[in-house]
2 protein chains.
Amino acid sequence: MNRFLSHATNRIDAKGRVSVPSAFRAVLLEAGVRELYCFQDFVFPAVSAGGPELLDRFEKQMAAEDPFSDAANQMSLLVHGGGVFVKLDPEGRLMVTDFIRDFTGISTDVTFVGRGDHFQLWEPQAFARAQAEAREGRKQRGLRSE
Amino acid sequence: MNRFLSHATNRIDAKGRVSVPSAFRAVLLEAGVRELYCFQDFVFPAVSAGGPELLDRFEKQMAAEDPFSDAANQMSLLVHGGGVFVKLDPEGRLMVTDFIRDFTGISTDVTFVGRGDHFQLWEPQAFARAQAEAREGRKQRGLRSE
DNA sequence: TGGGACCATATGGGCGTCAATGGGAGAAGC
DNA sequence: GCTTCTCCCATTGACGCCCATATGGTCCCA
(Lines give C-alpha, C1' and ligand atoms only; values in the text may rest on other atoms or scores of the structure.)
Protein backbone atom coordinates (compact mmCIF):
# COMPACT_ATOMS: atom_id res chain seq x y z
CA MET A 1 0.00 0.00 0.00
CA ASN A 2 1.69 3.16 -1.16
CA ARG A 3 -0.96 5.82 -0.77
CA PHE A 4 -2.71 7.64 2.02
CA LEU A 5 -6.05 6.03 2.77
CA SER A 6 -8.80 6.11 5.34
CA HIS A 7 -9.12 8.41 8.29
CA ALA A 8 -8.38 8.31 12.01
CA THR A 9 -8.77 10.71 14.91
CA ASN A 10 -6.04 11.20 17.51
CA ARG A 11 -5.86 13.35 20.61
CA ILE A 12 -3.54 16.28 21.13
CA ASP A 13 -1.56 15.89 24.36
CA ALA A 14 -0.73 18.53 26.96
CA LYS A 15 2.37 19.53 25.04
CA GLY A 16 0.46 20.14 21.84
CA ARG A 17 1.65 17.00 20.08
CA VAL A 18 -0.41 14.47 18.13
CA SER A 19 0.53 11.07 16.72
CA VAL A 20 0.41 10.64 12.97
CA PRO A 21 -1.42 7.35 12.31
CA SER A 22 0.98 4.48 11.86
CA ALA A 23 -0.43 3.63 8.42
CA PHE A 24 0.44 7.12 7.19
CA ARG A 25 3.90 6.98 8.73
CA ALA A 26 4.50 3.73 6.88
CA VAL A 27 3.73 5.45 3.57
CA LEU A 28 6.05 8.33 4.41
CA LEU A 29 8.81 5.92 5.36
CA GLU A 30 8.47 4.02 2.12
CA ALA A 31 8.63 7.26 0.17
CA GLY A 32 11.70 8.31 2.14
CA VAL A 33 10.04 11.47 3.40
CA ARG A 34 11.76 12.83 6.51
CA GLU A 35 10.15 16.26 6.64
CA LEU A 36 6.51 16.99 5.94
CA TYR A 37 5.45 19.86 3.73
CA CYS A 38 2.22 21.42 5.02
CA PHE A 39 -0.05 24.12 3.62
CA GLN A 40 -3.61 25.33 3.83
CA ASP A 41 -5.99 23.49 1.54
CA PHE A 42 -7.60 25.52 -1.23
CA VAL A 43 -11.08 24.12 -0.83
CA PHE A 44 -11.55 22.73 2.64
CA PRO A 45 -10.78 24.10 6.11
CA ALA A 46 -7.94 21.61 6.43
CA VAL A 47 -4.16 21.55 6.35
CA SER A 48 -2.67 19.30 3.72
CA ALA A 49 0.58 17.46 4.31
CA GLY A 50 2.92 15.33 2.25
CA GLY A 51 6.38 15.14 0.80
CA PRO A 52 8.10 18.13 -0.81
CA GLU A 53 7.07 16.85 -4.23
CA LEU A 54 3.61 18.21 -3.44
CA LEU A 55 4.97 21.67 -4.04
CA ASP A 56 6.03 20.68 -7.54
CA ARG A 57 2.61 19.36 -8.24
CA PHE A 58 0.90 22.62 -7.31
CA GLU A 59 3.39 24.71 -9.20
CA LYS A 60 2.52 22.67 -12.28
CA GLN A 61 -1.13 23.32 -11.62
CA MET A 62 -0.47 27.03 -11.38
CA ALA A 63 1.53 27.02 -14.56
CA ALA A 64 -1.34 25.30 -16.33
CA GLU A 65 -3.77 28.14 -15.82
CA ASP A 66 -3.55 31.83 -16.44
CA PRO A 67 -0.66 33.00 -14.24
CA PHE A 68 -2.36 36.35 -13.66
CA SER A 69 -5.71 34.91 -12.62
CA ASP A 70 -7.06 35.40 -9.16
CA ALA A 71 -6.96 31.67 -8.55
CA ALA A 72 -3.29 31.37 -9.45
CA ASN A 73 -2.44 34.35 -7.31
CA GLN A 74 -4.23 33.01 -4.30
CA MET A 75 -2.75 29.58 -4.79
CA SER A 76 0.71 31.04 -4.84
CA LEU A 77 0.02 32.89 -1.62
CA LEU A 78 -1.01 29.66 0.06
CA VAL A 79 1.53 27.32 -1.47
CA HIS A 80 4.55 29.57 -1.35
CA GLY A 81 3.67 31.94 1.47
CA GLY A 82 1.68 29.60 3.68
CA GLY A 83 3.74 26.45 3.35
CA VAL A 84 5.57 25.06 6.36
CA PHE A 85 8.01 22.25 6.92
CA VAL A 86 7.12 20.06 9.87
CA LYS A 87 9.29 17.43 11.53
CA LEU A 88 8.08 14.34 13.32
CA ASP A 89 9.52 13.32 16.67
CA PRO A 90 10.96 9.79 17.20
CA GLU A 91 7.51 8.47 18.13
CA GLY A 92 5.94 9.84 14.97
CA ARG A 93 4.20 12.85 16.47
CA LEU A 94 3.97 16.40 15.16
CA MET A 95 3.42 19.74 16.92
CA VAL A 96 0.01 21.28 16.29
CA THR A 97 1.01 24.89 15.82
CA ASP A 98 -1.23 27.94 15.67
CA PHE A 99 -0.74 27.88 11.91
CA ILE A 100 -2.71 24.65 11.90
CA ARG A 101 -5.17 25.51 14.66
CA ASP A 102 -6.24 28.87 13.29
CA PHE A 103 -7.00 27.65 9.81
CA THR A 104 -8.69 24.37 10.71
CA GLY A 105 -10.36 25.16 14.03
CA ILE A 106 -8.59 22.19 15.60
CA SER A 107 -8.44 22.37 19.39
CA THR A 108 -8.21 19.03 21.20
CA ASP A 109 -8.43 16.31 18.54
CA VAL A 110 -7.14 15.91 15.00
CA THR A 111 -8.71 13.82 12.26
CA PHE A 112 -6.12 12.60 9.78
CA VAL A 113 -7.64 12.07 6.35
CA GLY A 114 -5.90 10.18 3.56
CA ARG A 115 -6.15 11.79 0.12
CA GLY A 116 -4.13 9.41 -2.02
CA ASP A 117 -0.85 11.22 -2.60
CA HIS A 118 -1.13 13.32 0.54
CA PHE A 119 -3.13 13.53 3.74
CA GLN A 120 -4.96 16.23 5.63
CA LEU A 121 -5.49 17.45 9.18
CA TRP A 122 -9.11 18.25 10.00
CA GLU A 123 -11.18 19.32 12.95
CA PRO A 124 -13.21 16.11 13.52
CA GLN A 125 -16.67 17.67 13.29
CA ALA A 126 -15.76 19.68 10.21
CA PHE A 127 -14.62 16.52 8.46
CA ALA A 128 -17.83 14.67 9.31
CA ARG A 129 -19.86 17.55 7.86
CA ALA A 130 -17.78 17.84 4.69
CA GLN A 131 -17.97 14.12 4.06
CA ALA A 132 -21.73 14.08 4.57
CA GLU A 133 -22.07 16.94 2.10
CA ALA A 134 -19.90 15.17 -0.44
CA ARG A 135 -21.98 12.03 -0.16
CA GLU A 136 -25.18 14.00 -0.55
CA GLY A 137 -23.83 15.73 -3.62
CA ARG A 138 -22.89 12.43 -5.19
CA LYS A 139 -26.28 10.96 -4.50
CA GLN A 140 -28.00 13.88 -6.18
CA ARG A 141 -25.82 13.66 -9.24
CA GLY A 142 -26.68 9.98 -9.48
CA LEU A 143 -23.08 8.94 -10.01
CA ARG A 144 -23.44 5.43 -8.73
CA SER A 145 -20.40 3.24 -8.67
CA GLU A 146 -22.04 0.02 -9.80
CA MET B 1 -17.54 -19.41 -8.98
CA ASN B 2 -15.81 -16.09 -9.35
CA ARG B 3 -18.33 -13.57 -8.14
CA PHE B 4 -20.09 -12.66 -4.95
CA LEU B 5 -23.53 -14.19 -4.74
CA SER B 6 -26.31 -14.64 -2.19
CA HIS B 7 -26.30 -13.39 1.37
CA ALA B 8 -25.61 -14.67 4.88
CA THR B 9 -25.82 -13.28 8.40
CA ASN B 10 -23.08 -13.81 10.99
CA ARG B 11 -22.71 -12.73 14.59
CA ILE B 12 -20.17 -10.24 15.91
CA ASP B 13 -18.16 -11.68 18.81
CA ALA B 14 -17.10 -10.01 22.04
CA LYS B 15 -13.99 -8.60 20.39
CA GLY B 16 -15.97 -7.00 17.61
CA ARG B 17 -15.00 -9.52 14.93
CA VAL B 18 -17.22 -11.23 12.39
CA SER B 19 -16.53 -14.09 9.99
CA VAL B 20 -16.72 -13.35 6.29
CA PRO B 21 -18.82 -16.15 4.72
CA SER B 22 -16.63 -18.89 3.36
CA ALA B 23 -18.11 -18.57 -0.14
CA PHE B 24 -16.99 -14.95 -0.29
CA ARG B 25 -13.56 -15.79 1.06
CA ALA B 26 -13.19 -18.37 -1.69
CA VAL B 27 -13.82 -15.69 -4.31
CA LEU B 28 -11.29 -13.41 -2.67
CA LEU B 29 -8.73 -16.20 -2.55
CA GLU B 30 -9.21 -17.00 -6.21
CA ALA B 31 -8.77 -13.35 -7.08
CA GLY B 32 -5.64 -13.19 -4.95
CA VAL B 33 -7.07 -10.47 -2.75
CA ARG B 34 -5.26 -10.23 0.59
CA GLU B 35 -6.60 -6.85 1.72
CA LEU B 36 -10.16 -5.67 1.36
CA TYR B 37 -10.99 -2.17 0.25
CA CYS B 38 -14.10 -0.95 2.08
CA PHE B 39 -16.06 2.26 1.71
CA GLN B 40 -19.40 3.66 2.70
CA ASP B 41 -21.83 3.07 -0.12
CA PHE B 42 -23.13 6.13 -1.96
CA VAL B 43 -26.71 4.96 -2.07
CA PHE B 44 -27.47 2.43 0.64
CA PRO B 45 -26.71 2.46 4.36
CA ALA B 46 -24.17 -0.27 3.76
CA VAL B 47 -20.42 -0.67 3.56
CA SER B 48 -19.14 -2.05 0.29
CA ALA B 49 -16.06 -4.24 0.16
CA GLY B 50 -13.95 -5.71 -2.57
CA GLY B 51 -10.46 -5.94 -3.93
CA PRO B 52 -8.14 -2.96 -4.36
CA GLU B 53 -9.20 -2.75 -8.00
CA LEU B 54 -12.36 -1.07 -6.74
CA LEU B 55 -10.24 1.83 -5.59
CA ASP B 56 -8.37 1.85 -8.89
CA ARG B 57 -11.67 2.21 -10.67
CA PHE B 58 -12.59 5.24 -8.58
CA GLU B 59 -9.21 6.80 -9.10
CA LYS B 60 -9.46 6.38 -12.86
CA GLN B 61 -12.84 8.06 -12.70
CA MET B 62 -11.31 10.96 -10.80
CA ALA B 63 -8.34 11.20 -13.10
CA ALA B 64 -10.72 11.46 -16.03
CA GLU B 65 -12.01 14.80 -14.83
CA ASP B 66 -10.19 17.91 -13.69
CA PRO B 67 -8.25 16.77 -10.61
CA PHE B 68 -8.79 20.13 -8.94
CA SER B 69 -12.51 20.31 -9.60
CA ASP B 70 -15.04 20.33 -6.83
CA ALA B 71 -16.46 17.00 -7.89
CA ALA B 72 -13.07 15.31 -7.89
CA ASN B 73 -12.25 16.84 -4.54
CA GLN B 74 -15.43 15.61 -2.96
CA MET B 75 -15.05 12.20 -4.48
CA SER B 76 -11.54 11.89 -3.10
CA LEU B 77 -12.88 12.83 0.29
CA LEU B 78 -15.22 9.85 0.12
CA VAL B 79 -13.07 7.36 -1.75
CA HIS B 80 -9.73 8.12 -0.10
CA GLY B 81 -10.79 9.62 3.20
CA GLY B 82 -13.85 7.40 3.61
CA GLY B 83 -12.26 4.25 2.33
CA VAL B 84 -10.36 1.75 4.43
CA PHE B 85 -8.14 -1.21 3.79
CA VAL B 86 -9.26 -4.06 6.00
CA LYS B 87 -7.28 -7.19 6.67
CA LEU B 88 -8.81 -10.54 7.49
CA ASP B 89 -7.40 -12.56 10.37
CA PRO B 90 -6.19 -16.14 9.76
CA GLU B 91 -9.72 -17.43 10.36
CA GLY B 92 -11.23 -15.09 7.80
CA ARG B 93 -12.76 -12.57 10.17
CA LEU B 94 -12.76 -8.79 10.01
CA MET B 95 -13.06 -6.13 12.71
CA VAL B 96 -16.34 -4.26 12.75
CA THR B 97 -15.08 -0.78 13.54
CA ASP B 98 -17.11 2.30 14.40
CA PHE B 99 -16.51 3.37 10.84
CA ILE B 100 -18.76 0.50 9.80
CA ARG B 101 -21.18 0.59 12.73
CA ASP B 102 -22.00 4.27 12.58
CA PHE B 103 -22.84 4.28 8.92
CA THR B 104 -24.75 1.00 8.72
CA GLY B 105 -26.39 0.80 12.15
CA ILE B 106 -24.83 -2.62 12.65
CA SER B 107 -24.60 -3.63 16.30
CA THR B 108 -24.63 -7.39 16.96
CA ASP B 109 -25.06 -9.12 13.58
CA VAL B 110 -23.86 -8.48 10.05
CA THR B 111 -25.58 -9.49 6.83
CA PHE B 112 -23.11 -10.07 4.02
CA VAL B 113 -24.66 -9.42 0.63
CA GLY B 114 -23.06 -10.48 -2.64
CA ARG B 115 -23.10 -7.85 -5.37
CA GLY B 116 -21.23 -9.53 -8.18
CA ASP B 117 -17.80 -7.93 -8.22
CA HIS B 118 -18.01 -6.86 -4.60
CA PHE B 119 -20.07 -7.50 -1.49
CA GLN B 120 -21.68 -5.40 1.18
CA LEU B 121 -22.11 -5.32 4.96
CA TRP B 122 -25.65 -4.55 6.09
CA GLU B 123 -27.60 -4.31 9.28
CA PRO B 124 -29.87 -7.38 8.90
CA GLN B 125 -33.18 -5.54 9.30
CA ALA B 126 -32.14 -2.75 6.98
CA PHE B 127 -31.22 -5.27 4.29
CA ALA B 128 -34.57 -7.04 4.61
CA ARG B 129 -36.37 -3.74 4.17
CA ALA B 130 -34.25 -2.60 1.24
CA GLN B 131 -34.69 -5.92 -0.52
CA ALA B 132 -38.46 -5.83 0.00
CA GLU B 133 -38.58 -2.33 -1.42
CA ALA B 134 -36.52 -3.31 -4.42
CA ARG B 135 -38.79 -6.26 -5.10
CA GLU B 136 -41.84 -4.05 -4.80
CA GLY B 137 -40.38 -1.47 -7.13
CA ARG B 138 -39.65 -4.06 -9.78
CA LYS B 139 -43.12 -5.52 -9.48
CA GLN B 140 -44.71 -2.14 -10.04
CA ARG B 141 -42.64 -1.46 -13.11
CA GLY B 142 -43.55 -4.87 -14.46
CA LEU B 143 -39.93 -5.77 -15.01
CA ARG B 144 -40.07 -9.14 -13.37
CA SER B 145 -38.51 -11.97 -15.24
CA GLU B 146 -40.23 -14.84 -13.47
C1' DT C 1 -31.93 -46.33 4.83
C1' DG C 2 -30.36 -45.10 9.27
C1' DG C 3 -26.44 -44.26 12.17
C1' DG C 4 -21.99 -42.69 12.99
C1' DA C 5 -17.51 -40.86 11.72
C1' DC C 6 -15.51 -37.07 9.55
C1' DC C 7 -14.99 -32.40 7.89
C1' DA C 8 -15.65 -27.51 7.30
C1' DT C 9 -17.23 -23.37 9.06
C1' DA C 10 -18.35 -20.31 12.52
C1' DT C 11 -17.24 -18.75 17.07
C1' DG C 12 -14.78 -18.05 21.59
C1' DG C 13 -10.80 -16.77 24.25
C1' DG C 14 -5.49 -16.42 25.64
C1' DC C 15 -1.51 -13.97 24.83
C1' DG C 16 2.17 -11.36 22.75
C1' DT C 17 3.19 -7.25 20.14
C1' DC C 18 2.71 -2.67 18.70
C1' DA C 19 0.71 1.84 18.47
C1' DA C 20 -1.06 5.80 20.94
C1' DT C 21 -0.45 8.56 24.79
C1' DG C 22 1.59 10.60 29.03
C1' DG C 23 5.34 12.42 31.59
C1' DG C 24 10.37 13.47 32.81
C1' DA C 25 14.85 15.23 31.86
C1' DG C 26 18.35 17.19 29.08
C1' DA C 27 19.53 20.56 25.36
C1' DA C 28 18.98 24.71 22.96
C1' DG C 29 17.29 29.34 22.41
C1' DC C 30 15.49 33.85 24.27
C1' DG D 1 17.65 31.77 34.37
C1' DC D 2 13.45 30.73 32.25
C1' DT D 3 10.86 28.97 28.47
C1' DT D 4 10.50 25.93 24.62
C1' DC D 5 11.57 22.12 22.04
C1' DT D 6 13.56 17.21 21.67
C1' DC D 7 14.60 12.85 22.98
C1' DC D 8 13.85 8.97 26.00
C1' DC D 9 11.22 5.85 28.81
C1' DA D 10 6.75 4.00 30.92
C1' DT D 11 1.96 2.72 30.60
C1' DT D 12 -2.10 1.02 28.68
C1' DG D 13 -5.16 -0.43 25.66
C1' DA D 14 -6.14 -2.28 21.12
C1' DC D 15 -5.23 -5.50 17.63
C1' DG D 16 -3.21 -9.67 15.30
C1' DC D 17 -1.94 -14.43 15.73
C1' DC D 18 -2.64 -18.70 17.70
C1' DC D 19 -5.24 -22.64 19.48
C1' DA D 20 -9.62 -24.62 21.23
C1' DT D 21 -14.56 -25.64 20.85
C1' DA D 22 -19.09 -25.99 18.88
C1' DT D 23 -22.39 -26.80 15.34
C1' DG D 24 -24.21 -28.32 11.28
C1' DG D 25 -23.77 -30.83 7.16
C1' DT D 26 -22.00 -34.63 4.25
C1' DC D 27 -20.27 -38.97 3.15
C1' DC D 28 -19.48 -43.69 4.01
C1' DC D 29 -20.68 -48.01 5.59
C1' DA D 30 -23.31 -51.40 7.77
# chains A, B, ... in the order shown; residues from 1 in each chain; ligands from 1

$ interface_residues --of "chain A" --to "chain C" --cutoff "10 Å" --atoms "only C-alpha atoms (C1' of nucleotides)" --output "PyMOL selection string"
chain A and resi 10-15+17-22+91+93

$ select_by_dssp --residues "stretch 47-137 of chain A" --states "strand (DSSP E or B)" --output "JSON, numbers by chain"
{"A": [47, 48, 49, 50, 84, 85, 86, 87, 93, 94, 95, 109, 110, 111, 112, 113, 114, 116, 119, 120, 121, 122]}

$ write_last_selection --atoms "N, CA and C atoms" --output "PDB file, in the first residue's frame"
ATOM      1  N   VAL A  47      -5.566  21.387   6.713  1.00  0.00           N
ATOM      2  CA  VAL A  47      -4.164  21.548   6.348  1.00  0.00           C
ATOM      3  C   VAL A  47      -3.707  20.272   5.656  1.00  0.00           C
ATOM      4  N   SER A  48      -3.153  20.438   4.476  1.00  0.00           N
ATOM      5  CA  SER A  48      -2.671  19.296   3.719  1.00  0.00           C
ATOM      6  C   SER A  48      -1.199  19.058   4.020  1.00  0.00           C
ATOM      7  N   ALA A  49      -0.796  17.795   3.992  1.00  0.00           N
ATOM      8  CA  ALA A  49       0.581  17.457   4.305  1.00  0.00           C
ATOM      9  C   ALA A  49       1.065  16.329   3.415  1.00  0.00           C
ATOM     10  N   GLY A  50       2.333  16.388   3.072  1.00  0.00           N
ATOM     11  CA  GLY A  50       2.918  15.334   2.253  1.00  0.00           C
ATOM     12  C   GLY A  50       4.385  15.630   2.024  1.00  0.00           C
ATOM     13  N   VAL A  84       4.691  25.266   5.212  1.00  0.00           N
ATOM     14  CA  VAL A  84       5.572  25.064   6.358  1.00  0.00           C
ATOM     15  C   VAL A  84       6.182  23.673   6.290  1.00  0.00           C
ATOM     16  N   PHE A  85       7.423  23.565   6.752  1.00  0.00           N
ATOM     17  CA  PHE A  85       8.010  22.249   6.924  1.00  0.00           C
ATOM     18  C   PHE A  85       7.823  21.810   8.369  1.00  0.00           C
ATOM     19  N   VAL A  86       7.389  20.577   8.536  1.00  0.00           N
ATOM     20  CA  VAL A  86       7.116  20.055   9.874  1.00  0.00           C
ATOM     21  C   VAL A  86       7.902  18.764  10.075  1.00  0.00           C
ATOM     22  N   LYS A  87       8.542  18.643  11.224  1.00  0.00           N
ATOM     23  CA  LYS A  87       9.293  17.434  11.533  1.00  0.00           C
ATOM     24  C   LYS A  87       8.517  16.559  12.504  1.00  0.00           C
ATOM     25  N   ARG A  93       5.170  11.794  16.162  1.00  0.00           N
ATOM     26  CA  ARG A  93       4.199  12.854  16.468  1.00  0.00           C
ATOM     27  C   ARG A  93       4.628  14.168  15.865  1.00  0.00           C
ATOM     28  N   LEU A  94       3.652  15.069  15.644  1.00  0.00           N
ATOM     29  CA  LEU A  94       3.974  16.403  15.161  1.00  0.00           C
ATOM     30  C   LEU A  94       3.345  17.440  16.082  1.00  0.00           C
ATOM     31  N   MET A  95       3.943  18.637  16.110  1.00  0.00           N
ATOM     32  CA  MET A  95       3.418  19.737  16.915  1.00  0.00           C
ATOM     33  C   MET A  95       2.259  20.388  16.172  1.00  0.00           C
ATOM     34  N   ASP A 109      -8.589  17.546  19.300  1.00  0.00           N
ATOM     35  CA  ASP A 109      -8.429  16.308  18.539  1.00  0.00           C
ATOM     36  C   ASP A 109      -8.187  16.625  17.063  1.00  0.00           C
ATOM     37  N   VAL A 110      -7.455  15.747  16.416  1.00  0.00           N
ATOM     38  CA  VAL A 110      -7.143  15.913  15.002  1.00  0.00           C
ATOM     39  C   VAL A 110      -7.621  14.687  14.231  1.00  0.00           C
ATOM     40  N   THR A 111      -8.350  14.917  13.148  1.00  0.00           N
ATOM     41  CA  THR A 111      -8.708  13.821  12.263  1.00  0.00           C
ATOM     42  C   THR A 111      -7.772  13.829  11.058  1.00  0.00           C
ATOM     43  N   PHE A 112      -7.019  12.752  10.917  1.00  0.00           N
ATOM     44  CA  PHE A 112      -6.120  12.604   9.778  1.00  0.00           C
ATOM     45  C   PHE A 112      -6.891  11.940   8.642  1.00  0.00           C
ATOM     46  N   VAL A 113      -6.850  12.556   7.473  1.00  0.00           N
ATOM     47  CA  VAL A 113      -7.642  12.065   6.347  1.00  0.00           C
ATOM     48  C   VAL A 113      -6.733  11.782   5.161  1.00  0.00           C
ATOM     49  N   GLY A 114      -6.698  10.545   4.719  1.00  0.00           N
ATOM     50  CA  GLY A 114      -5.898  10.180   3.556  1.00  0.00           C
ATOM     51  C   GLY A 114      -6.518  10.733   2.287  1.00  0.00           C
ATOM     52  N   GLY A 116      -4.881  10.010  -0.922  1.00  0.00           N
ATOM     53  CA  GLY A 116      -4.127   9.408  -2.015  1.00  0.00           C
ATOM     54  C   GLY A 116      -2.660   9.755  -1.942  1.00  0.00           C
ATOM     55  N   PHE A 119      -2.059  13.660   2.745  1.00  0.00           N
ATOM     56  CA  PHE A 119      -3.126  13.532   3.740  1.00  0.00           C
ATOM     57  C   PHE A 119      -3.423  14.893   4.352  1.00  0.00           C
ATOM     58  N   GLN A 120      -4.522  14.949   5.093  1.00  0.00           N
ATOM     59  CA  GLN A 120      -4.964  16.235   5.626  1.00  0.00           C
ATOM     60  C   GLN A 120      -5.227  16.161   7.117  1.00  0.00           C
ATOM     61  N   LEU A 121      -5.150  17.318   7.773  1.00  0.00           N
ATOM     62  CA  LEU A 121      -5.494  17.452   9.180  1.00  0.00           C
ATOM     63  C   LEU A 121      -6.794  18.248   9.277  1.00  0.00           C
ATOM     64  N   TRP A 122      -7.793  17.633   9.895  1.00  0.00           N
ATOM     65  CA  TRP A 122      -9.114  18.245  10.001  1.00  0.00           C
ATOM     66  C   TRP A 122      -9.539  18.364  11.454  1.00  0.00           C
TER      67      TRP A 122
END

$ calpha_fit_rmsd --fixed "chain B" --moving "chain A"
1.9 Å

$ interface_residues --of "chain B" --to "chain A" --cutoff "10 Å" --atoms "only C-alpha atoms" --output "ChimeraX atom specification"
/B:35,37-43,52,54,57-59,61,67-71,73-85,99,115-118

$ atom_distance --atom1 "atom CA of A:Asp98" --atom2 "atom C1' of D:DT4"
14.9 Å

$ closest_atom_pairs --of "chain D" --to "chain B" --cutoff "10 Å" --atoms "only C-alpha atoms (C1' of nucleotides)" --output "CSV"
residue,atom,partner,partner_atom,distance
D:DC15,C1',B:Met95,CA,9.3
D:DG16,C1',B:Asp89,CA,7.1
D:DC17,C1',B:Pro90,CA,7.5
D:DC18,C1',B:Pro90,CA,9.1

$ atom_distance --atom1 "atom CA of A:Leu55" --atom2 "atom CA of A:Glu30"
19.0 Å

$ select_by_dssp --residues "chain B" --states "helix (DSSP H, G or I)" --output "VMD selection string"
chain B and resid 22 to 31 53 to 64 70 to 81 98 to 104 124 to 141

$ atom_distance --atom1 "atom C1' of D:DT23" --atom2 "atom CA of B:Thr97"
27.1 Å
